[in-house]
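One structure is given here, and the rest of the page talks about it.
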Amino acid sequence: MTDVARLAGVSAQTVSRTLAGHPNVQAKTRAKVLAAVEQLGYRRNNAARTLSSGRSRTIGVVTLQTNFYSRTNLTFGIETAAREAGYSVSTATTASLDTAAIEGAMSRLAEQGVEGVVLSVPLVHVSPRIEQLTRSVPTVTVDGSRTAATEVVAVDQTLAARLATRHLIELGHETVWHVAGPKEWLDAASRVEGWRDTLEAEGLSVPPVLEGDWTPASGYRNGLILGKIPDVTAVFVASDEMAFGVIRALHELGRRVPEDISVVGVDDIALAEYCSPSLTTVAQPFAEMGALAVTHLLRLVEHPEAPPEPASVEPALIVRASTAPAPGRAGRRP
């Protein structure tokens, strides 16, 4: 930094302010500093900054090792918001939802000196070690999990299921079948609850739950089951990716979507609008959730004494071509 300052003809403090994006640096001075940085190939020494300031300006993310669209888009929202706030992101992935694996991921981030953690995996069981880690490092969860010290940013998954199920009921379907996500996911459990409660409130029969694992392949396997049940006219699937598999299986069995069977997914991933037929789904704003999680986390980092402010993001039903009135029915008005 001293070399940059000498070449630019400014103080080391001005170099520091420029690289930190301080608004009080004049445009002409900023240009001189950045030119010197480019000429010298200067890179900030984060380890030295941490030692001198006691701040790493880094937040950690614990996420599942997967290529699911929802995880990828959520992480994108986190990284974008952190960068705009002047923080870098360190990610620790876990191959399973085992408590020990999550403990290990959080411990690795704590050892790196992150200032806070976004926990992007569901905590089915909270261990004493996880409780300890979330007390020592500010933590925000985005999957409905919570410990005594975490703050929650979540989508109302029960409402998501109600929106999907209600839409199909209003189209005149006498009941709605459900392909759920894995039992160990809190989001999946909440969607089952919302689906069942909506059917029971209408006095409709509740079919047995079919369980998937979020993959299109598991949707396909369940679609082969559903397509062979003559009375099935409506299916609520707990993710878009599984819904694609369901639709493929129904097509192979000669069951038309939506003329014979209506299908609703959850997530509104980019492909949902372009599959055939285009998928009716309940949208979850993943990037917005990631940004909101960072906002809440940085509030905890900067003001640790502040009271918790859990946030819930409302989902929205997106009606497309994969749903229609039940065969022989015109549907009913909302």
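To be explicit about the labels: the chains of the structure tokens are called A, B, and onward in the order shown, and within each one the residues are counted from 1, while ligands get numbers from 1 in the order they are shown.
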Open item on the list: Give me the residues near region 94-110 of chain A as a PyMOL selection string, where near means some atom within 10 Å (using only C-alpha atoms) and where sequence neighbours in that chain fewer than 2 positions away do not count.
Closed with: chain A and resi 58-66+90-92+112-119+121-131+133-134+136-137+184-185
For the residues selected in the previous step, produce a file with C-alpha atoms as a PDB file, in the first residue's frame.
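After the write, out_19.pdb holds the following:
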ATOM      1  CA  THR A  58     -15.854 -11.930   5.520  1.00  0.00           C
ATOM      2  CA  ILE A  59     -19.089 -13.801   6.082  1.00  0.00           C
ATOM      3  CA  GLY A  60     -19.488 -17.552   5.847  1.00  0.00           C
ATOM      4  CA  VAL A  61     -22.150 -19.651   4.125  1.00  0.00           C
ATOM      5  CA  VAL A  62     -22.937 -23.252   5.038  1.00  0.00           C
ATOM      6  CA  THR A  63     -24.734 -24.957   2.171  1.00  0.00           C
ATOM      7  CA  LEU A  64     -25.467 -28.436   0.892  1.00  0.00           C
ATOM      8  CA  GLN A  65     -23.159 -29.861  -1.758  1.00  0.00           C
ATOM      9  CA  THR A  66     -25.663 -29.944  -4.606  1.00  0.00           C
ATOM     10  CA  SER A  90     -16.353 -18.011   2.316  1.00  0.00           C
ATOM     11  CA  THR A  91     -18.454 -21.100   1.580  1.00  0.00           C
ATOM     12  CA  ALA A  92     -18.353 -24.395   3.443  1.00  0.00           C
ATOM     13  CA  GLN A 112     -11.287 -18.730   9.332  1.00  0.00           C
ATOM     14  CA  GLY A 113     -12.425 -15.783  11.411  1.00  0.00           C
ATOM     15  CA  VAL A 114     -15.677 -15.035   9.546  1.00  0.00           C
ATOM     16  CA  GLU A 115     -17.729 -12.294  11.154  1.00  0.00           C
ATOM     17  CA  GLY A 116     -21.053 -14.049  10.647  1.00  0.00           C
ATOM     18  CA  VAL A 117     -22.619 -17.128   9.068  1.00  0.00           C
ATOM     19  CA  VAL A 118     -25.617 -17.722   6.800  1.00  0.00           C
ATOM     20  CA  LEU A 119     -26.777 -21.259   7.541  1.00  0.00           C
ATOM     21  CA  VAL A 121     -29.212 -26.037   5.416  1.00  0.00           C
ATOM     22  CA  PRO A 122     -32.104 -27.276   7.560  1.00  0.00           C
ATOM     23  CA  LEU A 123     -31.197 -28.089  11.152  1.00  0.00           C
ATOM     24  CA  VAL A 124     -33.239 -31.141  12.013  1.00  0.00           C
ATOM     25  CA  HIS A 125     -31.342 -31.707  15.267  1.00  0.00           C
ATOM     26  CA  VAL A 126     -29.516 -28.915  17.094  1.00  0.00           C
ATOM     27  CA  SER A 127     -26.475 -30.160  18.984  1.00  0.00           C
ATOM     28  CA  PRO A 128     -24.738 -28.400  21.924  1.00  0.00           C
ATOM     29  CA  ARG A 129     -21.794 -27.666  19.590  1.00  0.00           C
ATOM     30  CA  ILE A 130     -24.027 -25.941  17.042  1.00  0.00           C
ATOM     31  CA  GLU A 131     -25.669 -23.944  19.839  1.00  0.00           C
ATOM     32  CA  LEU A 133     -21.088 -21.888  17.513  1.00  0.00           C
ATOM     33  CA  THR A 134     -24.208 -19.818  16.808  1.00  0.00           C
ATOM     34  CA  SER A 136     -20.107 -17.147  19.362  1.00  0.00           C
ATOM     35  CA  VAL A 137     -20.593 -16.245  15.670  1.00  0.00           C
ATOM     36  CA  GLU A 184     -35.543 -34.379   6.873  1.00  0.00           C
ATOM     37  CA  TRP A 185     -36.094 -31.035   5.113  1.00  0.00           C
TER      38      TRP A 185
END
- [ ] Name the residues of region 26-257 of chain A that come out as helix (DSSP H, G or I) in a backbone DSSP run; write them as a PyMOL selection string.
- [x] chain A and resi 27-40+46-53+69-84+99-111+128-136+157-170+186-201+216-226+240-252
Contacts of region 214-248 of chain A with region 321-331 of chain A up to 12 Å, shortest pair per row, only C-alpha atoms, as a tab-separated table:
residue	atom	partner	partner_atom	distance
A:Pro230	CA	A:Pro327	CA	12.0
A:Asp231	CA	A:Pro327	CA	10.6
A:Val232	CA	A:Ala326	CA	10.0
A:Thr233	CA	A:Ala326	CA	6.5
A:Ala234	CA	A:Ala326	CA	7.8
A:Val235	CA	A:Thr323	CA	9.5
A:Phe236	CA	A:Thr323	CA	10.4
A:Asp240	CA	A:Ser322	CA	11.8
A:Ala243	CA	A:Ser322	CA	10.2
A:Phe244	CA	A:Ser322	CA	10.8
A:Val246	CA	A:Ser322	CA	11.6
A:Ile247	CA	A:Ser322	CA	9.1
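The residues of region 268-301 of chain A that DSSP assigns to strand (DSSP E or B) on this backbone come out as Thr280, Thr281, Val282 and Ala283 of chain A.
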Saved selection, atoms kept: N, CA, C and O atoms, as a CSV table (one decimal), in the first residue's frame:
chain,number,residue,atom,x,y,z
A,280,THR,N,-47.2,-24.2,-14.0
A,280,THR,CA,-47.8,-23.4,-12.9
A,280,THR,C,-47.0,-23.8,-11.7
A,280,THR,O,-46.8,-24.9,-11.4
A,281,THR,N,-46.6,-22.7,-10.9
A,281,THR,CA,-45.7,-23.0,-9.8
A,281,THR,C,-45.9,-21.9,-8.8
A,281,THR,O,-46.5,-20.8,-9.0
A,282,VAL,N,-45.3,-22.1,-7.6
A,282,VAL,CA,-45.3,-21.1,-6.5
A,282,VAL,C,-43.9,-20.6,-6.5
A,282,VAL,O,-43.0,-21.3,-6.2
A,283,ALA,N,-43.8,-19.3,-6.8
A,283,ALA,CA,-42.4,-18.7,-6.9
A,283,ALA,C,-41.8,-18.4,-5.5
A,283,ALA,O,-42.5,-17.9,-4.6
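Within the 9 Å cut-off around Val10 (chain A), using only C-alpha atoms and omitting residues fewer than 4 positions from it on the same chain, the listed residues are Val4, Ala5, Arg6, Thr14, Val15, Thr29, Lys32 and Val33 of chain A.
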